[in-house]
>>> print(open('entry16.csv').read())   # CSV, C-alpha atoms and all ligand atoms
chain,number,residue,atom,x,y,z
A,1232,MET,CA,-126.2,16.5,44.0
A,1233,ASP,CA,-122.6,15.8,44.9
A,1234,MET,CA,-121.0,17.7,47.7
A,1235,ILE,CA,-117.4,19.0,47.7
A,1236,THR,CA,-115.7,19.9,50.9
A,1237,ILE,CA,-113.0,22.5,50.7
A,1238,ALA,CA,-110.7,22.0,53.7
A,1239,VAL,CA,-108.4,25.0,54.4
A,1240,PRO,CA,-105.7,24.9,57.0
A,1241,CYS,CA,-105.0,28.4,58.2
A,1242,TYR,CA,-102.3,29.7,60.4
A,1243,ASN,CA,-102.1,33.5,60.8
A,1244,GLU,CA,-103.9,34.1,57.5
A,1245,GLU,CA,-106.1,37.1,58.6
A,1246,PRO,CA,-105.1,39.3,55.7
A,1247,ALA,CA,-105.5,36.6,53.1
A,1248,LEU,CA,-108.8,35.2,54.1
A,1249,GLU,CA,-111.1,37.9,52.6
A,1250,PRO,CA,-109.7,37.8,49.1
A,1251,PHE,CA,-109.4,34.0,49.3
A,1252,PHE,CA,-113.0,33.5,50.3
A,1253,GLU,CA,-114.2,36.0,47.6
A,1254,GLU,CA,-112.5,34.1,44.8
A,1255,LEU,CA,-113.5,30.7,46.2
A,1256,THR,CA,-117.2,31.6,46.4
A,1257,SER,CA,-117.2,33.1,42.9
A,1258,ILE,CA,-115.9,29.8,41.5
A,1259,ALA,CA,-118.4,27.9,43.7
A,1260,GLN,CA,-121.1,30.0,42.2
A,1261,GLN,CA,-120.0,29.0,38.7
A,1262,MET,CA,-120.2,25.4,39.7
A,1263,ASP,CA,-123.9,25.4,40.5
A,1264,TYR,CA,-124.1,21.7,39.7
A,1265,VAL,CA,-122.5,20.8,43.1
A,1266,GLU,CA,-123.0,21.7,46.7
A,1267,PHE,CA,-120.1,23.1,48.7
A,1268,GLU,CA,-118.9,22.9,52.3
A,1269,PHE,CA,-116.0,25.2,53.3
A,1270,LEU,CA,-114.2,23.8,56.2
A,1271,PHE,CA,-111.6,26.1,57.8
A,1272,ILE,CA,-109.1,24.7,60.2
A,1273,ASN,CA,-107.6,27.4,62.4
A,1274,ASP,CA,-104.3,26.0,63.4
A,1275,GLY,CA,-103.7,28.0,66.6
A,1276,SER,CA,-103.3,31.4,64.8
A,1277,LYS,CA,-102.0,34.3,66.9
A,1278,ASP,CA,-103.7,37.0,64.8
A,1279,GLY,CA,-107.4,37.6,64.1
A,1280,THR,CA,-107.8,34.6,61.8
A,1281,LEU,CA,-110.4,32.9,64.0
A,1282,ASN,CA,-112.6,36.0,64.3
A,1283,LYS,CA,-112.3,36.4,60.5
A,1284,ILE,CA,-113.5,32.8,60.0
A,1285,LYS,CA,-116.3,33.3,62.4
A,1286,SER,CA,-117.5,36.4,60.5
A,1287,LEU,CA,-117.4,34.3,57.3
A,1288,ALA,CA,-119.4,31.7,59.0
A,1289,GLU,CA,-122.0,34.2,59.9
A,1290,ARG,CA,-122.2,35.5,56.4
A,1291,ASP,CA,-122.3,32.1,54.7
A,1292,GLN,CA,-124.1,29.0,56.1
A,1293,ARG,CA,-121.7,26.7,54.2
A,1294,VAL,CA,-118.7,27.8,56.3
A,1295,LYS,CA,-117.7,25.3,59.0
A,1296,TYR,CA,-114.7,25.7,61.2
A,1297,ILE,CA,-112.5,23.9,63.6
A,1298,SER,CA,-110.1,25.8,65.8
A,1299,PHE,CA,-107.2,23.9,67.4
A,1300,SER,CA,-106.2,24.5,71.0
A,1301,ARG,CA,-102.7,25.5,69.8
A,1302,ASN,CA,-100.6,25.3,66.6
A,1303,PHE,CA,-100.3,21.7,65.6
A,1304,GLY,CA,-98.9,22.2,62.1
A,1305,LYS,CA,-100.3,22.0,58.6
A,1306,GLU,CA,-100.2,18.2,58.5
A,1307,ALA,CA,-102.6,18.1,61.5
A,1308,GLY,CA,-104.8,20.7,59.8
A,1309,ILE,CA,-105.0,18.5,56.7
A,1310,TYR,CA,-105.9,15.5,58.8
A,1311,ALA,CA,-108.6,17.3,60.8
A,1312,GLY,CA,-110.0,18.6,57.5
A,1313,LEU,CA,-110.2,15.2,55.9
A,1314,GLN,CA,-111.6,13.6,59.1
A,1315,ASN,CA,-114.4,16.2,59.5
A,1316,ALA,CA,-115.3,16.6,55.9
A,1317,LEU,CA,-118.9,15.6,54.9
A,1318,GLY,CA,-118.4,15.9,51.2
A,1319,ASP,CA,-118.3,13.1,48.6
A,1320,TYR,CA,-115.2,14.8,47.4
A,1321,VAL,CA,-112.6,16.7,49.5
A,1322,VAL,CA,-110.2,19.4,48.3
A,1323,ILE,CA,-107.3,20.5,50.4
A,1324,MET,CA,-106.4,24.1,49.7
A,1325,ASP,CA,-104.1,26.8,51.1
A,1326,ALA,CA,-105.6,30.0,52.3
A,1327,ASP,CA,-103.2,32.3,50.5
A,1328,LEU,CA,-104.5,31.8,46.9
A,1329,GLN,CA,-101.3,30.0,45.9
A,1330,ASP,CA,-103.6,27.2,45.0
A,1331,PRO,CA,-105.8,28.6,42.3
A,1332,PRO,CA,-109.5,27.9,43.0
A,1333,SER,CA,-110.0,28.2,39.2
A,1334,LEU,CA,-108.7,24.7,38.9
A,1335,LEU,CA,-111.7,23.3,40.8
A,1336,PRO,CA,-114.1,22.8,37.8
A,1337,GLU,CA,-111.3,20.9,35.9
A,1338,MET,CA,-110.5,18.8,38.9
A,1339,TYR,CA,-114.2,17.8,39.4
A,1340,ARG,CA,-114.6,17.1,35.7
A,1341,ALA,CA,-111.5,14.8,35.7
A,1342,ILE,CA,-112.9,12.8,38.6
A,1343,LYS,CA,-116.4,12.5,37.3
A,1344,GLU,CA,-115.8,12.0,33.6
A,1345,GLU,CA,-112.3,10.6,33.3
A,1346,GLY,CA,-112.6,8.2,36.2
A,1347,TYR,CA,-109.7,9.4,38.4
A,1348,ASP,CA,-109.8,9.1,42.2
A,1349,CYS,CA,-107.4,12.0,42.9
A,1350,VAL,CA,-106.6,15.1,40.9
A,1351,GLY,CA,-103.5,16.8,42.2
A,1352,SER,CA,-101.7,20.0,41.2
A,1353,ARG,CA,-98.1,20.5,40.3
A,1354,ARG,CA,-96.3,23.8,40.0
A,1355,VAL,CA,-93.9,23.5,37.1
A,1356,THR,CA,-92.0,26.7,38.0
A,1357,ARG,CA,-90.7,27.9,41.3
A,1358,LYS,CA,-90.9,31.6,40.3
A,1359,GLY,CA,-90.7,34.0,43.2
A,1360,GLU,CA,-88.9,31.5,45.5
A,1361,PRO,CA,-85.3,32.1,46.7
A,1362,ARG,CA,-82.9,30.3,44.3
A,1363,ILE,CA,-81.1,28.4,47.1
A,1364,ARG,CA,-84.4,27.1,48.4
A,1365,SER,CA,-85.4,25.8,45.0
A,1366,PHE,CA,-82.0,24.1,44.6
A,1367,PHE,CA,-82.4,22.3,47.9
A,1368,ALA,CA,-86.0,21.4,47.2
A,1369,ARG,CA,-84.9,19.8,43.9
A,1370,MET,CA,-82.1,17.9,45.7
A,1371,PHE,CA,-84.5,16.6,48.3
A,1372,TYR,CA,-87.0,15.2,45.7
A,1373,LYS,CA,-84.2,13.5,43.8
A,1374,LEU,CA,-82.8,12.0,47.1
A,1375,ILE,CA,-86.1,10.8,48.5
A,1376,ASN,CA,-87.2,9.3,45.3
A,1377,LYS,CA,-84.0,7.3,45.1
A,1378,MET,CA,-84.4,6.2,48.7
A,1379,SER,CA,-88.1,5.5,48.9
A,1380,ASP,CA,-90.4,3.2,47.0
A,1381,THR,CA,-93.2,5.8,47.4
A,1382,ASP,CA,-93.5,8.2,44.5
A,1383,ILE,CA,-93.0,11.7,45.8
A,1384,VAL,CA,-93.5,14.2,43.0
A,1385,ASP,CA,-91.4,17.3,42.7
A,1386,GLY,CA,-93.5,20.4,42.8
A,1387,ALA,CA,-96.6,18.6,43.9
A,1388,ARG,CA,-98.8,20.8,46.1
A,1389,ASP,CA,-101.1,19.5,48.8
A,1390,PHE,CA,-103.8,21.2,46.7
A,1391,GLN,CA,-105.9,18.3,45.3
A,1392,MET,CA,-109.4,16.8,45.0
A,1393,MET,CA,-110.0,13.3,46.3
A,1394,SER,CA,-112.8,10.9,46.1
A,1395,ARG,CA,-114.2,9.3,49.3
A,1396,PRO,CA,-112.2,6.0,49.0
A,1397,ALA,CA,-109.0,8.0,48.7
A,1398,VAL,CA,-109.9,10.2,51.7
A,1399,ASP,CA,-110.7,7.1,53.8
A,1400,ALA,CA,-107.5,5.5,52.7
A,1401,ILE,CA,-105.5,8.5,54.0
A,1402,LEU,CA,-107.5,8.5,57.2
A,1403,SER,CA,-106.7,4.9,57.8
A,1404,MET,CA,-103.0,6.0,58.1
A,1405,GLY,CA,-103.2,7.2,61.6
A,1406,GLU,CA,-99.5,8.0,62.1
A,1407,VAL,CA,-98.6,10.9,64.3
A,1408,ASN,CA,-95.6,12.0,62.2
A,1409,ARG,CA,-97.5,12.8,59.1
A,1410,PHE,CA,-95.6,13.6,55.9
A,1411,SER,CA,-98.6,14.2,53.5
A,1412,LYS,CA,-96.5,14.3,50.3
A,1413,GLY,CA,-95.6,10.7,51.0
A,1414,ILE,CA,-99.0,9.6,52.3
A,1415,PHE,CA,-100.7,10.9,49.2
A,1416,GLY,CA,-98.3,8.9,47.0
A,1417,TRP,CA,-98.4,5.8,49.2
A,1418,ILE,CA,-102.1,5.2,49.0
A,1419,GLY,CA,-102.0,4.8,45.3
A,1420,PHE,CA,-105.3,5.2,43.3
A,1421,ARG,CA,-105.5,6.7,39.8
A,1422,LYS,CA,-104.1,10.2,40.0
A,1423,LYS,CA,-104.1,13.0,37.4
A,1424,TRP,CA,-101.8,16.0,37.7
A,1425,LEU,CA,-102.8,19.4,36.6
A,1426,GLU,CA,-99.8,21.7,36.0
A,1427,TYR,CA,-99.7,25.4,36.6
A,1428,GLU,CA,-97.2,28.2,37.1
A,1429,ASN,CA,-96.2,29.1,40.6
A,1430,VAL,CA,-98.4,31.9,42.1
A,1431,GLU,CA,-97.1,34.1,44.9
A,1432,ARG,CA,-99.2,34.4,48.0
A,1433,VAL,CA,-101.8,37.1,48.0
A,1434,ALA,CA,-101.1,38.5,51.5
A,1435,GLY,CA,-99.2,37.6,54.7
A,1436,GLU,CA,-96.0,35.6,54.6
A,1437,THR,CA,-94.9,32.0,54.3
A,1438,LYS,CA,-94.7,29.9,57.5
A,1439,TRP,CA,-91.7,28.0,56.3
A,1440,SER,CA,-88.3,29.0,57.3
A,1441,PHE,CA,-85.3,27.3,55.7
A,1442,TRP,CA,-84.7,25.4,59.0
A,1443,LYS,CA,-88.3,24.2,59.2
A,1444,LEU,CA,-88.1,23.0,55.7
A,1445,PHE,CA,-84.9,21.1,56.4
A,1446,LEU,CA,-86.5,19.4,59.4
A,1447,TYR,CA,-89.5,18.6,57.3
A,1448,ALA,CA,-87.3,17.0,54.7
A,1449,ILE,CA,-85.6,14.8,57.3
A,1450,GLU,CA,-89.1,13.9,58.6
A,1451,GLY,CA,-90.1,12.8,55.1
A,1452,ILE,CA,-87.0,10.7,54.7
A,1453,VAL,CA,-87.4,9.0,58.0
A,1454,ALA,CA,-91.1,8.4,57.4
A,1455,PHE,CA,-90.9,6.9,54.0
A,1456,SER,CA,-87.5,5.2,53.8
A,1457,THR,CA,-85.2,3.1,55.8
A,1458,THR,CA,-82.3,3.4,53.4
A,1459,PRO,CA,-80.3,5.6,55.8
A,1460,LEU,CA,-80.2,2.7,58.2
A,1461,VAL,CA,-78.9,0.4,55.4
A,1462,ILE,CA,-76.3,3.1,54.5
A,1463,SER,CA,-75.0,3.3,58.1
A,1464,SER,CA,-74.7,-0.5,58.3
A,1465,VAL,CA,-72.8,-0.5,55.0
A,1466,PHE,CA,-70.5,2.2,56.3
A,1467,GLY,CA,-69.8,0.1,59.4
A,1468,LEU,CA,-69.0,-2.9,57.4
A,1469,PHE,CA,-66.8,-0.9,55.1
A,1470,CYS,CA,-64.8,0.5,58.0
A,1471,CYS,CA,-64.4,-3.0,59.6
A,1472,MET,CA,-63.0,-4.4,56.4
A,1473,LEU,CA,-60.7,-1.4,55.9
A,1474,ALA,CA,-59.4,-1.9,59.5
A,1475,PHE,CA,-58.6,-5.6,58.8
A,1476,VAL,CA,-56.7,-4.7,55.7
A,1477,MET,CA,-54.8,-2.0,57.6
A,1478,ILE,CA,-53.9,-4.5,60.4
A,1479,LEU,CA,-52.5,-6.9,57.9
A,1480,VAL,CA,-50.5,-4.2,56.1
A,1481,ILE,CA,-49.0,-3.0,59.4
A,1482,ILE,CA,-48.1,-6.5,60.7
A,1483,VAL,CA,-46.4,-7.4,57.4
A,1484,ARG,CA,-44.7,-4.0,57.2
A,1485,THR,CA,-43.4,-4.3,60.8
A,1486,LEU,CA,-42.2,-8.0,60.2
A,1487,VAL,CA,-40.5,-7.3,56.9
A,1488,PHE,CA,-39.1,-3.8,57.4
A,1489,GLY,CA,-39.0,-3.6,61.2
A,1490,ASP,CA,-40.8,-0.3,60.9
A,1491,PRO,CA,-41.0,1.6,64.2
A,1492,THR,CA,-44.5,2.7,65.2
A,1493,SER,CA,-44.8,6.4,64.2
A,1494,GLY,CA,-47.3,8.9,63.0
A,1495,TRP,CA,-49.7,10.0,65.7
A,1496,PRO,CA,-51.2,12.7,63.4
A,1497,SER,CA,-52.6,10.0,61.1
A,1498,LEU,CA,-53.9,8.2,64.1
A,1499,VAL,CA,-55.8,11.3,65.3
A,1500,CYS,CA,-57.3,11.8,61.9
A,1501,ILE,CA,-58.5,8.2,61.8
A,1502,ILE,CA,-60.0,8.4,65.2
A,1503,LEU,CA,-61.7,11.6,64.4
A,1504,LEU,CA,-63.1,10.2,61.1
A,1505,LEU,CA,-64.3,7.0,62.6
A,1506,SER,CA,-65.9,8.6,65.7
A,1507,GLY,CA,-67.6,11.0,63.4
A,1508,ILE,CA,-69.0,8.2,61.3
A,1509,GLN,CA,-70.1,6.5,64.5
A,1510,MET,CA,-71.9,9.5,65.8
A,1511,LEU,CA,-73.6,10.0,62.4
A,1512,CYS,CA,-74.8,6.4,62.4
A,1513,ILE,CA,-76.0,6.6,66.0
A,1514,GLY,CA,-77.8,9.8,65.1
A,1515,ILE,CA,-79.5,8.1,62.1
A,1516,VAL,CA,-80.6,5.2,64.3
A,1517,GLY,CA,-81.7,7.7,66.9
A,1518,GLN,CA,-83.9,9.5,64.4
A,1519,TYR,CA,-85.8,6.3,63.7
A,1520,MET,CA,-86.0,5.5,67.4
A,1521,ALA,CA,-87.3,8.9,68.3
A,1522,LYS,CA,-90.1,8.6,65.6
A,1523,THR,CA,-91.0,5.2,66.9
A,1524,TYR,CA,-91.1,6.6,70.5
A,1525,LEU,CA,-93.4,9.4,69.4
A,1526,GLU,CA,-95.7,6.9,67.6
A,1527,THR,CA,-96.0,4.6,70.5
A,1528,LYS,CA,-97.3,7.4,72.7
A,1529,LYS,CA,-100.4,7.5,70.5
A,1530,ARG,CA,-101.1,11.1,71.3
A,1531,PRO,CA,-104.0,12.6,69.3
A,1532,ILE,CA,-102.9,14.4,66.1
A,1533,TYR,CA,-104.8,17.6,67.1
A,1534,ILE,CA,-107.0,18.9,69.8
A,1535,ILE,CA,-110.1,21.0,69.1
A,1536,GLY,CA,-110.5,24.2,71.1
A,1537,GLU,CA,-113.8,25.2,69.5
A,1538,SER,CA,-115.8,24.6,66.4
A,1539,ASN,CA,-119.2,25.1,64.8
A,1540,LEU,CA,-119.5,21.5,63.7
A,1541,PRO,CA,-122.4,19.4,65.0
A,1542,LYS,CA,-121.5,17.6,68.2
A,1543,ASN,CA,-121.7,14.1,66.7
A,1544,SER,CA,-119.0,14.6,64.1
A,1545,PRO,CA,-116.1,12.2,64.3
A,1546,ALA,CA,-113.9,12.7,67.3
A,1547,PRO,CA,-110.1,12.9,67.1
A,1548,ARG,CA,-108.3,9.6,67.2
A,1549,ILE,CA,-107.7,8.4,70.8
B,1601,LIG,N1,-100.4,26.4,57.7
B,1601,LIG,C1,-101.0,25.8,58.8
B,1601,LIG,N2,-100.2,25.6,60.0
B,1601,LIG,C2,-98.9,25.9,60.1
B,1601,LIG,C3,-98.3,26.5,58.9
B,1601,LIG,C4,-99.0,26.7,57.8
B,1601,LIG,O1,-102.2,25.5,58.8
B,1601,LIG,O2,-98.3,25.6,61.1
B,1601,LIG,C5,-101.2,26.7,56.5
B,1601,LIG,C6,-101.1,28.1,56.1
B,1601,LIG,O3,-102.0,28.9,56.7
B,1601,LIG,C7,-101.4,28.0,54.6
B,1601,LIG,C8,-100.8,26.6,54.2
B,1601,LIG,O4,-100.7,25.9,55.5
B,1601,LIG,O5,-102.8,28.0,54.3
B,1601,LIG,C9,-99.5,26.7,53.5
B,1601,LIG,O6,-98.6,27.6,54.2
B,1601,LIG,P1,-97.6,28.6,53.5
B,1601,LIG,O7,-98.4,29.4,52.5
B,1601,LIG,O8,-96.9,29.3,54.6
B,1601,LIG,O9,-96.6,27.6,52.8
B,1601,LIG,P2,-96.0,27.7,51.3
B,1601,LIG,O10,-97.1,28.0,50.4
B,1601,LIG,O11,-95.1,28.9,51.4
B,1601,LIG,O12,-95.3,26.4,51.1
B,1602,MG,MG,-98.4,29.4,50.5
>>> encode(input="entry16.csv", output="structure tokens")
Amino acid sequence: MDMITIAVPCYNEEPALEPFFEELTSIAQQMDYVEFEFLFINDGSKDGTLNKIKSLAERDQRVKYISFSRNFGKEAGIYAGLQNALGDYVVIMDADLQDPPSLLPEMYRAIKEEGYDCVGSRRVTRKGEPRIRSFFARMFYKLINKMSDTDIVDGARDFQMMSRPAVDAILSMGEVNRFSKGIFGWIGFRKKWLEYENVERVAGETKWSFWKLFLYAIEGIVAFSTTPLVISSVFGLFCCMLAFVMILVIIVRTLVFGDPTSGWPSLVCIILLLSGIQMLCIGIVGQYMAKTYLETKKRPIYIIGESNLPKNSPAPRI
């Protein structure tokens, strides 16, 4: 019998866990032709999430958990889930029921019968989300798809089922700055998309503030495109050429018309503009350097505080 691991990163999800687990187990019961492993990753929650998970583990033998020593972020949670999953197929799922477990049978069927390696999910609406956030999200997807060779699908959730080869491919990408939406696209494989309407979370609240999303977007661009570096070089070249033209114009004007030097306001504007562009370009270069710096430290992606996994399961990358 095949085994499916459901990996669930949780951060302050105490109120959502009970309804989530109930729905998940009822779907699992319907799918009696596969075995299940439920792997909860407690990402340094500050509420009673860990205790809740422990009580689930007492109730149900299939529940495994890993508890991080602090909050490492959802990306680290996903990585830990994939790394410690024993299943032939692995599903990443949020704990707030925004990823409907009812799609699981369809996902498994598509992999087994239609020969896909990954079955992802895409929400086609952004109902219930602040308008301004949807607007910026759409802009981000347009921008990053123009800049990057990797296909990053608008509305794609992290909720997906993957075959073993796909999971191993993701694990082989050991980068510390993990932008999963890009990583999932980068590995390739045959992928099917299931579409569904956005569902609002069942309890608790979203962990993403606008500012966090903005930083995440920048992380994604830096991780999957070097176009900003090209743009800043082109900017530099353009400014140089403009300067040469201006020099010629001023020399000719002074020789022909004997124009006295005048106009410091325009000079101030030019200096401000150019120093602004310079700072921007240095900032862009700095972003790439900072990421390189963080990668070279080779810090582990997460640290386990406690878990109920057997001792010989894979250790975090050193
Ligand atoms: N999450 C996590 N670590 C974090 C933030 C979030 O493990 O630092 C988990 C969270 O518990 C949830 C999933 O990631 O299961 C998605 O988070 P959320 O629902 O807040 O994101 P949204 O659905 O609003 O994009
Ligand atoms: Mg959510």
>>> residues_around(input="entry16.csv", residues="Asn1282 (chain A)", least_positions_apart="5", cutoff="12 Å", atoms="only C-alpha atoms", output="compact mmCIF listing (two decimals) with C-alpha atoms, in the frame of the given file")
# COMPACT_ATOMS: atom_id res chain seq x y z
CA ASN A 1243 -102.10 33.50 60.80
CA GLU A 1244 -103.90 34.10 57.50
CA GLU A 1245 -106.10 37.10 58.60
CA PRO A 1246 -105.10 39.30 55.70
CA LEU A 1248 -108.80 35.20 54.10
CA GLU A 1249 -111.10 37.90 52.60
CA PHE A 1271 -111.60 26.10 57.80
CA ASN A 1273 -107.60 27.40 62.40
CA SER A 1276 -103.30 31.40 64.80
CA LYS A 1277 -102.00 34.30 66.90
CA LEU A 1287 -117.40 34.30 57.30
CA ALA A 1288 -119.40 31.70 59.00
CA GLU A 1289 -122.00 34.20 59.90
CA TYR A 1296 -114.70 25.70 61.20
CA SER A 1298 -110.10 25.80 65.80
>>> residues_around(input="entry16.csv", residues="Ile1309 (chain A)", least_positions_apart="5", cutoff="8 Å", atoms="all atoms listed in the file", output="MDAnalysis selection string")
chainID A and resid 1238:1240 1323
>>> residues_near_ligand(input="entry16.csv", ligand="ligand MG 1602 (chain B)", cutoff="6 Å", atoms="only C-alpha atoms and all ligand atoms", output="VMD selection string")
chain A and resid 1327 1329 1432 1437
>>> residues_near_ligand(input="entry16.csv", ligand="ligand LIG 1601 (chain B)", cutoff="6 Å", atoms="all atoms listed in the file", output="PyMOL selection string")
chain A and resi 1240-1242+1244+1274+1302+1304-1305+1308+1325-1327+1437-1439
>>> residues_around(input="entry16.csv", residues="Thr1256 (chain A)", least_positions_apart="4", cutoff="10 Å", atoms="all atoms listed in the file", output="PDB file with C-alpha atoms, in the coordinates of the input")
ATOM      1  CA  PHE A1251    -109.400  34.000  49.300  1.00  0.00           C
ATOM      2  CA  PHE A1252    -113.000  33.500  50.300  1.00  0.00           C
ATOM      3  CA  GLN A1260    -121.100  30.000  42.200  1.00  0.00           C
ATOM      4  CA  GLN A1261    -120.000  29.000  38.700  1.00  0.00           C
ATOM      5  CA  MET A1262    -120.200  25.400  39.700  1.00  0.00           C
ATOM      6  CA  PHE A1267    -120.100  23.100  48.700  1.00  0.00           C
ATOM      7  CA  PHE A1269    -116.000  25.200  53.300  1.00  0.00           C
ATOM      8  CA  ASP A1291    -122.300  32.100  54.700  1.00  0.00           C
ATOM      9  CA  PRO A1332    -109.500  27.900  43.000  1.00  0.00           C
TER      10      PRO A1332
END
>>> residues_near_point(input="entry16.csv", point="(-112.7, 13.8, 60.5)", cutoff="12 Å", atoms="only C-alpha atoms", output="ChimeraX atom specification")
/A:1236,1238,1270,1272,1297,1307-1318,1321,1398-1399,1401-1403,1405,1532-1533,1535,1540,1543-1548
>>> residues_around(input="entry16.csv", residues="Trp1417 (chain A)", least_positions_apart="3", cutoff="8 Å", atoms="only C-alpha atoms", output="PDB file with C-alpha atoms, in the frame of the given file")
ATOM      1  CA  THR A1381     -93.200   5.800  47.400  1.00  0.00           C
ATOM      2  CA  ASP A1382     -93.500   8.200  44.500  1.00  0.00           C
ATOM      3  CA  GLY A1413     -95.600  10.700  51.000  1.00  0.00           C
ATOM      4  CA  ILE A1414     -99.000   9.600  52.300  1.00  0.00           C
TER       5      ILE A1414
END
